[in-house]
Amino acid sequence: MTLQETLSQKVKEAISDLYQATLETVEFQATRKDFEGDITVVVFPMLRVVKGNPVAIGEAIGAYLVKHVTPVINFNVVKGFLNIVLSDGYYLDFFGTTNNWNTFGTLPSGNDAMMVEYASPNTNKPLHLGHVRNVLLGYSVAQIVKASGKKVYKTQIINDRGIHICKSMLAWQRYGGGETPESSGKKGDKLVGDYYVRFDVVYKKEVADLVAQGVPEENAKKEAPILMQAHEMLLKWEAGDQDVVTLWETMNGWVYQGFDKTYADIGVDFDKNYYESNTYLLGKEFIAEGLAAGVFVKDPDGSLWCDLTDEGLDRKIVLRADGTAVYMTQDIGTAIQRVKDYPDISGMIYTVGNEQDYHFQVLFLILKKLGFEWAKNLFHLSYGMVDLPGGKMKSREGTVVDADDLIKDMTATACSISEALGKIDDFTKQEKETLYKTIGLGALKYYILKVDPKKRILFNPEESVDFQGNTGPFIQYTYARIQSILRKAETPKGASNSHILVLHPKEKEVLKTLQLFPETIQLAALNYSPALIANYTYDLVKEFNSFYQNVPIFAAENPAEKAFRIALCSAVGAVIKTAFSLLGIQVPARM
RNA sequence: GGCCUAGUAGUUCAACUGGAUAGAAUAUCAGAUUUCGGCUCUGACGGUUGGAGGUUCGAAUCCUCUCUAGGUCACCA
């Protein structure tokens, strides 16, 4: 039983003994810094069952707790807040009984499995800053959910078919002159993306020409010859035309090579990929079943709809009049396919931008109507857009922040800062490059993950990302400093004889923060929020730095204190490392 | 227009989901190393939580109205 559970029980007992009343729940909160105490019981809610002065009630409960709960040694009451003071022994006991700090706070994976989807790229252009937020969020949530005791499958859905990829294919056919990633040395996704842009340039020119010839703009946009050709190509693809399919496979292959490189650079991976070209057919099957079961209705023109007006939503199309699939069709198919492939999953998390909030609301509802038990455990991890100072990113207008460029820039910044400090002059070139990437990516990832997913991010490439204050590198620096202490400490002695110690207030604060780690992981998993982990880590590091600055370690008064403080450093280092791994961020031994 | 989301120090973010005097960072200013890494630490300055009502012991948080920004209401994905 945790201390909080014990306290909760004893407070209820106190209310029962002293006032002959029954209390349902006890409300706790961390004691504010300006008051003495370690944990606080809020008295106000009790006034519903106990009539009286909150201060007097607080005093009575406090006295009861001191008498009946060993770790409680003192208390004070301010207004309706009962601040409880815990003994040093309690914290030392917590520290001493934790035997593996490397796994502290995490639980082994159980049988309950979740699937986490992130990335979902189109195959016609490279990944950009928006994808970066998506990928970082999804990967981190997967790590957090896993650490909270669930089994996790990481996946992406690749939008590999449709008019967009035909545009790139057509432009490549016309203007590519046989260019390949090998022949030009270009990254595959960049190469394909260039032809997507090329298509748009030609298309715009054709539209302008038509308008100049007197064709109304709306018609011109539909009738531009190059666009009509792209549509033809799509029809050929759907008909299985050998040449088109071969070209499609080749160019998608280039893109995947490029994506793999970017994912590897960012440091994320997947257990399984899904492709829309494979799942839309399964979707159609279940649409047919749904029609038979009365979940869907057929319009006179042959299109199929789901009527959600009773739920306060609109009618939603699930199959076109010509029988071809829409977005919803294949998403239904993909979801069902996943559960077929991994029967142990009880739920799925979709990391997708908030412009698709409505789509997922409808998707989940339809899956419920189709009678899938797991449909109630689907969650749309919706996140805000990443905007630039000039507004939205638009790939065709060249205002996107490219993912590869971004990583390169962050690494370069980390390099110039590290060079200036000159603490790693003895590193090899290889070691330096690894370190710069660790720091650069650490800054970027922390910067993005520390904000609540729902909020939009304004990304200013000029000011870029901070390296000081509440940042990744600040935390990495603290970790490196801890490692330096541990190297100098030689044989790290255990904290076995720590019971004799009286804690320094700074030590107590650090221990208090350490103790919060397990519940922080659970809370973050429950809320799918890496930001909670980021903020926790920052708190821990701040407490540690304050301790480090104010309490001598090697110059401690006696060997037991010294051993304990070194052990405390080691524990904090281990927790920082674990916490950062949940954010997908690495920590350096030196920097 | 209907629906959804966000609005908190100059700026970037918090606030344990209704609790104490709304906290950090950054910027600005003032301090700290005979000590283990100064990318550190200790302070100061900075707020009508977009606005107006309401609910109650208590509101940044819940309700109503309103303003601002964005998203969404496709036989696009």
# chains A, B, ... in the order shown; residues from 1 in each chain; ligands from 1
>>> closest_atom_pairs(of="chain A", to="chain B", cutoff="6 Å", atoms="only C-alpha atoms (C1' of nucleotides)", output="JSON lines")
{"residue": "A:Arg320", "atom": "CA", "partner": "B:C75", "partner_atom": "C1'", "distance": 4.8}
{"residue": "A:Glu355", "atom": "CA", "partner": "B:G71", "partner_atom": "C1'", "distance": 5.3}
{"residue": "A:Gly469", "atom": "CA", "partner": "B:A25", "partner_atom": "C1'", "distance": 5.2}
{"residue": "A:Asn470", "atom": "CA", "partner": "B:A25", "partner_atom": "C1'", "distance": 5.4}
{"residue": "A:Arg481", "atom": "CA", "partner": "B:G37", "partner_atom": "C1'", "distance": 5.9}
{"residue": "A:Gln549", "atom": "CA", "partner": "B:C41", "partner_atom": "C1'", "distance": 5.7}
>>> write_last_selection(atoms="C-alpha atoms", output="mmCIF file, in the first residue's frame")
data_model
loop_
_atom_site.group_PDB
_atom_site.id
_atom_site.type_symbol
_atom_site.label_atom_id
_atom_site.label_comp_id
_atom_site.auth_asym_id
_atom_site.auth_seq_id
_atom_site.Cartn_x
_atom_site.Cartn_y
_atom_site.Cartn_z
ATOM 1 C CA ARG A 320 -18.917 6.218 -54.170
ATOM 2 C CA GLU A 355 -7.975 18.913 -39.041
ATOM 3 C CA GLY A 469 16.507 27.077 -19.748
ATOM 4 C CA ASN A 470 13.683 24.585 -20.023
ATOM 5 C CA ARG A 481 27.491 16.315 -15.081
ATOM 6 C CA GLN A 549 24.891 23.680 -6.037
#
>>> residues_around(residues="segment 255-263 of chain A", least_positions_apart="4", cutoff="6 Å", atoms="only C-alpha atoms (C1' of nucleotides)", output="NGL selection string")
:A and (187-189 or 267-268)
>>> residues_around(residues="Val244 of chain A", least_positions_apart="6", cutoff="10 Å", atoms="only C-alpha atoms (C1' of nucleotides)", output="PyMOL selection string")
chain A and resi 166+169-170+233-238+250
>>> atom_distance(atom1="atom CA of Leu583 of chain A", atom2="atom CA of Pro530 of chain A")
6.6 Å
>>> select_by_dssp(residues="segment 109-236 of chain A", states="alpha helix (DSSP H)", output="number ranges by chain")
A: 129-147, 163-175, 181-184, 188-212, 217-223, 225-236
>>> residues_around(residues="segment 63-69 of chain B", least_positions_apart="6", cutoff="10 Å", atoms="only C-alpha atoms (C1' of nucleotides)", output="MDAnalysis selection string")
chainID B and resid 6:7 50:55
>>> residues_around(residues="Asp271 of chain A", least_positions_apart="5", cutoff="7 Å", atoms="only C-alpha atoms (C1' of nucleotides)", output="number ranges by chain")
A: 153-155
>>> write_last_selection(atoms="N, CA and C atoms", output="CSV table (one decimal), in the first residue's frame")
chain,number,residue,atom,x,y,z
A,153,TYR,N,2.3,-2.1,-30.3
A,153,TYR,CA,2.7,-2.2,-31.7
A,153,TYR,C,2.7,-0.9,-32.3
A,154,LYS,N,3.9,-0.5,-32.9
A,154,LYS,CA,4.0,0.8,-33.6
A,154,LYS,C,3.7,0.5,-35.1
A,155,THR,N,2.9,1.4,-35.7
A,155,THR,CA,2.6,1.2,-37.1
A,155,THR,C,2.4,2.5,-37.8
>>> residues_around(residues="segment 205-214 of chain A", least_positions_apart="6", cutoff="6 Å", atoms="only C-alpha atoms (C1' of nucleotides)", output="VMD selection string")
chain A and resid 220 to 221 224
>>> select_by_dssp(residues="segment 156-195 of chain A", states="strand (DSSP E or B)", output="number ranges by chain")
A: 156-159
>>> atom_distance(atom1="atom CA of Glu431 of chain A", atom2="atom CA of Cys415 of chain A")
11.8 Å
